[in-house]
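Structure data (mmCIF, C-alpha atoms) from data36.cif:
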```
data_upload
loop_
_atom_site.label_atom_id
_atom_site.label_comp_id
_atom_site.auth_asym_id
_atom_site.auth_seq_id
_atom_site.Cartn_x
_atom_site.Cartn_y
_atom_site.Cartn_z
CA MET A 515 141.83 55.36 -154.56
CA ASN A 516 144.34 57.94 -153.24
CA ARG A 517 141.54 59.60 -151.30
CA ILE A 518 140.86 56.32 -149.44
CA PHE A 519 144.54 56.03 -148.44
CA ILE A 520 144.63 59.65 -147.32
CA ASN A 521 141.48 59.19 -145.22
CA LEU A 522 142.81 55.93 -143.78
CA PHE A 523 146.13 57.57 -142.91
CA PHE A 524 144.31 60.49 -141.29
CA VAL A 525 142.12 58.17 -139.19
CA LEU A 526 145.15 56.13 -138.07
CA PHE A 527 147.13 59.28 -137.28
CA ILE A 528 144.31 60.73 -135.18
CA GLY A 529 143.78 57.36 -133.49
CA LEU A 530 147.42 57.00 -132.53
CA LYS A 531 147.69 60.64 -131.52
CA GLY A 532 144.69 60.10 -129.23
CA CYS A 533 146.64 57.43 -127.38
CA GLY A 534 148.56 60.29 -125.83
CA ILE A 535 151.42 59.29 -123.61
CA TYR A 536 150.57 55.61 -123.33
CA SER A 537 152.84 53.01 -124.81
CA PHE A 538 152.27 49.47 -126.00
CA THR A 539 153.97 48.15 -122.85
CA GLY A 540 151.30 49.58 -120.57
CA ALA A 541 153.50 52.42 -119.37
CA SER A 542 151.88 55.74 -118.67
CA ILE A 543 154.70 58.23 -119.10
CA PRO A 544 154.05 61.27 -116.90
CA SER A 545 153.24 64.40 -118.85
CA GLY A 546 156.37 66.32 -119.82
CA ALA A 547 158.78 63.59 -118.75
CA SER A 548 161.42 62.56 -121.24
CA THR A 549 164.31 61.48 -119.00
CA PHE A 550 164.89 59.32 -115.95
CA GLN A 551 167.76 58.62 -113.62
CA VAL A 552 168.40 55.65 -111.38
CA ASN A 553 170.73 56.52 -108.52
CA PHE A 554 172.94 53.78 -107.12
CA PHE A 555 170.98 51.43 -104.83
CA GLU A 556 173.45 50.95 -101.99
CA ASN A 557 173.45 47.54 -100.33
CA GLN A 558 172.73 48.27 -96.66
CA ALA A 559 171.56 44.72 -95.94
CA GLY A 560 174.66 43.89 -93.91
CA SER A 561 173.55 46.23 -91.12
CA ARG A 562 170.33 44.25 -90.61
CA PRO A 563 170.45 41.13 -88.39
CA GLY A 564 170.35 37.95 -90.46
CA SER A 565 171.22 39.71 -93.72
CA THR A 566 174.44 39.35 -95.61
CA VAL A 567 176.34 41.72 -97.86
CA GLU A 568 176.67 40.33 -101.36
CA PRO A 569 179.41 42.07 -103.40
CA GLY A 570 178.07 43.52 -106.64
CA LEU A 571 174.42 43.10 -105.68
CA ASP A 572 173.89 46.86 -105.54
CA ARG A 573 175.41 47.43 -108.99
CA ASP A 574 173.51 44.53 -110.56
CA PHE A 575 170.17 45.66 -109.14
CA THR A 576 170.72 49.29 -110.21
CA LEU A 577 171.48 48.13 -113.76
CA ALA A 578 168.44 45.80 -113.81
CA LEU A 579 166.15 48.71 -112.87
CA GLN A 580 167.69 50.90 -115.57
CA ASP A 581 167.28 48.11 -118.13
CA ILE A 582 163.58 47.52 -117.48
CA ILE A 583 162.73 51.22 -117.78
CA LEU A 584 164.83 51.57 -120.94
CA GLY A 585 163.27 48.44 -122.42
CA GLN A 586 159.65 49.31 -121.69
CA THR A 587 159.57 53.08 -122.30
CA ASN A 588 160.99 55.66 -124.65
CA LEU A 589 162.49 57.63 -121.75
CA ASN A 590 166.17 58.56 -121.95
CA LEU A 591 168.55 57.58 -119.15
CA VAL A 592 170.56 60.45 -117.65
CA ASN A 593 173.08 60.61 -114.81
CA ALA A 594 171.66 63.77 -113.23
CA GLY A 595 168.67 66.05 -113.59
CA GLY A 596 166.21 63.36 -114.67
CA ASP A 597 162.50 64.14 -114.88
CA LEU A 598 161.86 60.89 -112.99
CA VAL A 599 164.28 59.90 -110.24
CA TYR A 600 164.61 56.45 -108.68
CA GLU A 601 166.73 56.04 -105.57
CA GLY A 602 166.89 53.84 -102.53
CA GLU A 603 168.75 51.02 -100.91
CA ILE A 604 168.76 47.26 -100.57
CA THR A 605 167.63 46.70 -96.99
CA GLN A 606 167.58 42.90 -96.76
CA TYR A 607 169.38 40.05 -98.46
CA SER A 608 169.01 36.92 -96.38
CA ILE A 609 168.62 33.16 -96.48
CA THR A 610 166.15 31.50 -94.12
CA PRO A 611 165.06 27.85 -93.79
CA MET A 612 161.52 27.28 -95.08
CA THR A 613 160.72 23.58 -94.64
CA SER A 614 162.31 20.89 -92.55
CA THR A 615 162.86 17.16 -92.77
CA ALA A 616 161.87 14.51 -90.23
CA LYS A 617 165.39 14.89 -88.79
CA LEU A 618 164.68 18.59 -88.16
CA THR A 619 167.13 19.83 -90.77
CA ALA A 620 166.27 22.30 -93.49
CA ALA A 621 164.83 20.79 -96.66
CA GLN A 622 164.32 24.09 -98.44
CA ASN A 623 165.76 27.58 -98.03
CA ARG A 624 164.49 30.97 -99.13
CA LEU A 625 166.64 33.83 -100.41
CA THR A 626 164.79 37.10 -99.77
CA MET A 627 165.65 40.57 -100.99
CA ASN A 628 163.98 43.81 -99.88
CA VAL A 629 164.45 47.17 -101.56
CA ASN A 630 163.41 50.56 -100.24
CA LEU A 631 162.50 52.88 -103.13
CA ARG A 632 162.07 56.63 -103.23
CA TYR A 633 160.48 57.85 -106.47
CA PHE A 634 160.42 61.50 -107.50
CA ASN A 635 158.57 63.00 -110.46
CA THR A 636 160.00 66.49 -110.96
CA LYS A 637 157.11 67.35 -113.29
CA ASN A 638 154.40 66.42 -110.75
CA GLU A 639 155.40 66.16 -107.10
CA GLU A 640 152.05 64.56 -106.23
CA ASP A 641 153.41 61.34 -107.78
CA ASP A 642 156.38 61.18 -105.36
CA PHE A 643 156.38 58.26 -102.91
CA GLU A 644 158.52 55.93 -100.85
CA SER A 645 157.78 52.22 -100.66
CA GLN A 646 159.27 48.79 -99.92
CA PHE A 647 159.50 46.07 -102.57
CA SER A 648 160.41 42.48 -101.84
CA PHE A 649 160.65 39.08 -103.47
CA PHE A 650 162.19 35.68 -102.77
CA TYR A 651 163.63 32.58 -104.37
CA ASP A 652 163.19 29.11 -102.84
CA PHE A 653 165.88 26.49 -103.33
CA PRO A 654 166.86 23.04 -101.97
CA ALA A 655 168.80 23.17 -98.71
CA GLU A 656 171.64 21.06 -100.12
CA LYS A 657 172.47 23.89 -102.54
CA GLN A 658 174.70 26.81 -101.59
CA LEU A 659 174.06 30.44 -102.47
CA TYR A 660 176.72 30.45 -105.19
CA ASP A 661 174.98 27.41 -106.81
CA ILE A 662 171.68 29.25 -107.32
CA GLN A 663 172.77 32.88 -107.38
CA GLY A 664 172.40 33.47 -111.13
CA PRO A 665 168.83 32.21 -111.54
CA ALA A 666 167.85 33.52 -108.10
CA HIS A 667 169.00 37.06 -108.88
CA ASP A 668 167.36 36.92 -112.32
CA GLU A 669 163.99 35.98 -110.81
CA ILE A 670 164.18 38.33 -107.82
CA PHE A 671 165.40 41.30 -109.89
CA GLU A 672 162.77 40.69 -112.56
CA ARG A 673 159.94 40.65 -110.04
CA ILE A 674 161.09 43.62 -107.96
CA THR A 675 161.97 45.81 -110.95
CA GLN A 676 158.64 44.95 -112.64
CA ASP A 677 156.79 45.82 -109.42
CA ILE A 678 158.66 49.15 -109.27
CA PHE A 679 157.90 49.81 -112.94
CA ASN A 680 154.21 49.04 -112.39
CA ALA A 681 154.01 51.28 -109.32
CA THR A 682 155.71 54.24 -110.98
CA LEU A 683 154.89 54.07 -114.67
CA ALA A 684 152.02 51.64 -115.18
CA LYS A 685 150.12 52.82 -112.08
CA TRP A 686 149.05 49.26 -111.21
#
```
Translate this structure into C-alpha cells?
Amino acid sequence: MNRIFINLFFVLFIGLKGCGIYSFTGASIPSGASTFQVNFFENQAGSRPGSTVEPGLDRDFTLALQDIILGQTNLNLVNAGGDLVYEGEITQYSITPMTSTAKLTAAQNRLTMNVNLRYFNTKNEEDDFESQFSFFYDFPAEKQLYDIQGPAHDEIFERITQDIFNATLAKW
C-alpha cells in the first residue's frame, strides 16, 4: 500500500515539475524572473486635445497593474531592479458623444482611456516591446463623469491591465 502512495506521489511530482514555469492562471513567467516593478504611469492626457486630467488616475492605474500581476503570478513586487519592468504613461482620458437623439443632443457618451506601455524583460531583451492599450466605458449622456467614475474606472482598468498581462505574461 505504501508503495502505491510513493509511486503516486512520484508521478504527481514529476507531472507538476514538468509544468515548468506555467501557472494555473495561464501566466508564462519568463525564465529566471522572480521580481517585477511597475513604474508610475504619469497622466499625460491633459496635453492631448480633447483629453482631461483626472487627479489620482495615474496612481490608481499604477496600483491596478501591480495588483493584477501580484494576483495572477508568484512574482515579487520591487521598487527598483525588477526582472520585469512596466512603465509608460496615460495618453488619453476623454469623453466623447456616441449616439444622439432626434433633437441632436447626445444620448450616450463614451469615456476612453489609452495607455502607452513599455515592457522590459531584463532576463531576455527579445521580449521587450512598446505598445498602446485602450478601452472605453459607455454611459447615458444625462450622467456626469463623477456619477459613473467608480464603475467606469473598474471596467477600464480591468480590461487594460488584463490586456497588458496577456501581452507580457500570457503571450496571448
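A straight line drawn from CA of Pro563 in chain A to CA of Gln606 in chain A is 9.0 Å long.
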> Of the candidates A:Ile674, A:Ala684, A:Met627, A:Ile543, which shows the shortest atom-to-atom distance to Ala578 in chain A, using only C-alpha atoms?
Replying inline: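 Ranked by minimum distance to Ala578 in chain A, first place goes to A:Ile674.
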>> With distances taken over all atoms listed in the file, which residue among A:Asp652, A:Glu639, A:Glu556, A:Glu672 lies nearest Leu579 in chain A?
In response: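 The closest residue to Leu579 in chain A is A:Glu672.
The space between CA of Glu603 in chain A and CA of Asn630 in chain A spans 5.4 Å.
With CA of Phe653 in chain A on one side and CA of His667 in chain A on the other, the separation reads 12.3 Å.
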> Which residues, protein or nucleic acid, reach to within 10 Å of (167.6, 42.4, -110.2) in the file's coordinates when using only C-alpha atoms, and can you give that as a ChimeraX atom specification?
Replying inline: /A:571-579,581-582,627,666-676
For range 592-602 of chain A, I'd like the enclosing box, axis-aligned and padded by 3 Å on every side, reported as lines of an AutoDock Vina configuration file with centre and edge lengths in Å to one decimal.
```
center_x = 167.5
center_y = 59.9
center_z = -110.1
size_x = 17.2
size_y = 18.2
size_z = 21.1
```
